[in-house]
Amino acid sequence: MKIHIPTPLRQYVDKQSTVTVEAATVGQALDELTATHPELKKQLYSEEGKLRAFVNVYLNDEDIRYLAGKEDTPVKESDSLSIIPSIAGGLVGKRI
Amino acid sequence: MLKLSDLAYEQVRRHGEETYPHECCGVLLGLSKNGANEVQAVVRAGNTRTDSAHNRYNIAPQELIRIQRQAREQGLDIVGFYHSHPDHPARWSPTDFAEAHWLGCSYVITAIEQGTAKKTNSFLLNGTGEEDKSFEDEPIEIGSSALAGH
């Protein structure tokens, strides 16, 4: 299956925009990706091994956090995973 | 360096005027070339922070997925984002910094005073990760020589 890598994380995957992995579940796909590209793992996961709060991973159009099977959700070769860091901000606590 | 066409620059500023007194937000699609982010399309996004839209913005991940797919189909990348600061200067806030995660991307902020776009600034998010990231003032090159937005 394909994993789409956003621009800021491509430096950790040899500048590729898409990485192809062979996996049966969402978790396996992410494991293979980060095993092949260990520097990426630090960007995606906290030291406790949890996906960082600002990192969103989507299986096609579904947030994996809300999938019934979470990371054990089975995947097909035609599926794609997208990694999307969040976009937010605002004036609360504005700079002096 | 952020390169914008006249049209793209106006699109960014106009959006902030239209959503005043709320914050607008959107995505800049283009290519990173020779250390510059060259914008080729401006995509408006909805602000999901309807609870606090005058001083917060958030783009829904589902919308980002759609925009990233659109970019891919056009052979473009996400190279930056923009939002407005209603009645506040065009400088990043601690919240903007804490919630900025797209290293190498341009974060454009337009000050909107009483509904009129004033200063527009761009800040490049530098660093290799959350631990060492920083915002750097980034010059904006505006002109018809830049590729046209659409």
# chains A, B, ... in the order shown; residues from 1 in each chain; ligands from 1
>>> interface_residues(of="chain B", to="chain A", cutoff="7 Å", atoms="only C-alpha atoms", output="PDB file with C-alpha atoms, in the first residue's frame")
ATOM      1  CA  ASN B  55      -8.771  34.466  17.837  1.00  0.00           C
ATOM      2  CA  ARG B  56      -8.207  30.833  16.833  1.00  0.00           C
ATOM      3  CA  TYR B  57      -8.019  28.885  13.629  1.00  0.00           C
ATOM      4  CA  ASN B  58      -7.856  25.233  12.779  1.00  0.00           C
ATOM      5  CA  ILE B  59      -8.066  23.420   9.471  1.00  0.00           C
ATOM      6  CA  PRO B  61      -7.506  17.183   8.848  1.00  0.00           C
ATOM      7  CA  GLN B  62     -10.117  15.797   6.448  1.00  0.00           C
ATOM      8  CA  ASP B  77       3.072  20.296  -2.760  1.00  0.00           C
ATOM      9  CA  ILE B  78       1.763  22.078   0.296  1.00  0.00           C
ATOM     10  CA  HIS B  85      -5.050  38.425  12.752  1.00  0.00           C
ATOM     11  CA  TRP B  92       3.137  35.143  15.081  1.00  0.00           C
ATOM     12  CA  SER B  93       1.695  34.419  18.508  1.00  0.00           C
ATOM     13  CA  PRO B  94       2.867  31.777  20.992  1.00  0.00           C
ATOM     14  CA  THR B  95      -0.167  29.737  19.942  1.00  0.00           C
ATOM     15  CA  ASP B  96       0.819  30.044  16.289  1.00  0.00           C
ATOM     16  CA  GLU B  99       0.831  24.661  16.853  1.00  0.00           C
ATOM     17  CA  ALA B 100       3.137  25.014  13.834  1.00  0.00           C
ATOM     18  CA  HIS B 101       4.470  21.638  12.743  1.00  0.00           C
ATOM     19  CA  TRP B 102       5.095  21.910   9.011  1.00  0.00           C
ATOM     20  CA  LEU B 103       8.856  22.422   8.950  1.00  0.00           C
ATOM     21  CA  GLY B 104      10.113  24.134   5.813  1.00  0.00           C
ATOM     22  CA  GLY B 129      11.748  18.672  14.664  1.00  0.00           C
TER      23      GLY B 129
END
>>> select_by_dssp(residues="region 14-93 of chain B", states="helix (DSSP H, G or I)", output="NGL selection string")
:B and (14-19 or 61-73)
>>> closest_residue(among="B:Ile142, B:Leu124, B:Ile109, B:Cys24", to="Ala53 (chain B)", atoms="only C-alpha atoms")
B:Cys24
>>> closest_residue(among="A:Met1, A:Val21, A:Ala68, A:Leu51", to="Thr36 (chain A)", atoms="only C-alpha atoms")
A:Val21
>>> closest_residue(among="A:Lys70, A:Arg65, A:Lys15, A:Lys2", to="Leu33 (chain A)", atoms="only C-alpha atoms")
A:Lys2
>>> select_by_dssp(residues="region 9-146 of chain B", states="strand (DSSP E or B)", output="PyMOL selection string")
chain B and resi 25-33+36-45+56-59+77-86+106-113+116-126+134-138+140-142
>>> closest_residue(among="B:Leu29, B:Val12, B:Ala98, B:Met1", to="Arg72 (chain B)", atoms="only C-alpha atoms")
B:Leu29
>>> atom_distance(atom1="CA of His22 (chain B)", atom2="CA of Pro86 (chain B)")
6.6 Å
>>> residues_around(residues="Glu38 (chain B)", least_positions_apart="3", cutoff="8 Å", atoms="only C-alpha atoms", output="short mmCIF file (atom, residue, chain, number, x, y, z; two decimals) with N, CA and C atoms, in the first residue's frame")
data_model
loop_
_atom_site.label_atom_id
_atom_site.label_comp_id
_atom_site.auth_asym_id
_atom_site.auth_seq_id
_atom_site.Cartn_x
_atom_site.Cartn_y
_atom_site.Cartn_z
N LEU B 2 9.45 33.66 0.09
CA LEU B 2 8.14 33.20 -0.38
C LEU B 2 7.80 33.98 -1.64
N LYS B 3 7.49 33.26 -2.72
CA LYS B 3 7.15 33.93 -3.98
C LYS B 3 5.66 33.77 -4.25
N LEU B 4 5.00 34.90 -4.47
CA LEU B 4 3.56 34.93 -4.72
C LEU B 4 3.27 35.81 -5.93
N GLY B 30 2.30 24.80 -4.11
CA GLY B 30 3.34 25.23 -5.05
C GLY B 30 4.50 24.28 -5.01
N LEU B 31 5.68 24.84 -5.19
CA LEU B 31 6.89 24.03 -5.22
C LEU B 31 7.99 24.74 -4.43
N SER B 32 8.83 23.95 -3.79
CA SER B 32 10.00 24.51 -3.12
C SER B 32 11.17 24.39 -4.08
N LYS B 33 11.73 25.54 -4.44
CA LYS B 33 12.83 25.53 -5.40
C LYS B 33 13.93 26.45 -4.91
N VAL B 79 3.16 24.07 0.42
CA VAL B 79 4.39 24.81 0.76
C VAL B 79 4.14 25.86 1.85
N ALA B 146 6.07 36.02 -10.67
CA ALA B 146 5.78 34.77 -9.99
C ALA B 146 4.67 34.06 -10.76
N LEU B 147 4.57 32.75 -10.60
CA LEU B 147 3.57 32.00 -11.35
C LEU B 147 2.18 32.41 -10.88
#
>>> atom_distance(atom1="CA of Gln114 (chain B)", atom2="CA of Pro89 (chain B)")
12.3 Å
>>> closest_residue(among="B:Ser5, B:Gln74, B:Gln11, B:Gln68", to="Ala117 (chain B)", atoms="only C-alpha atoms")
B:Gln11
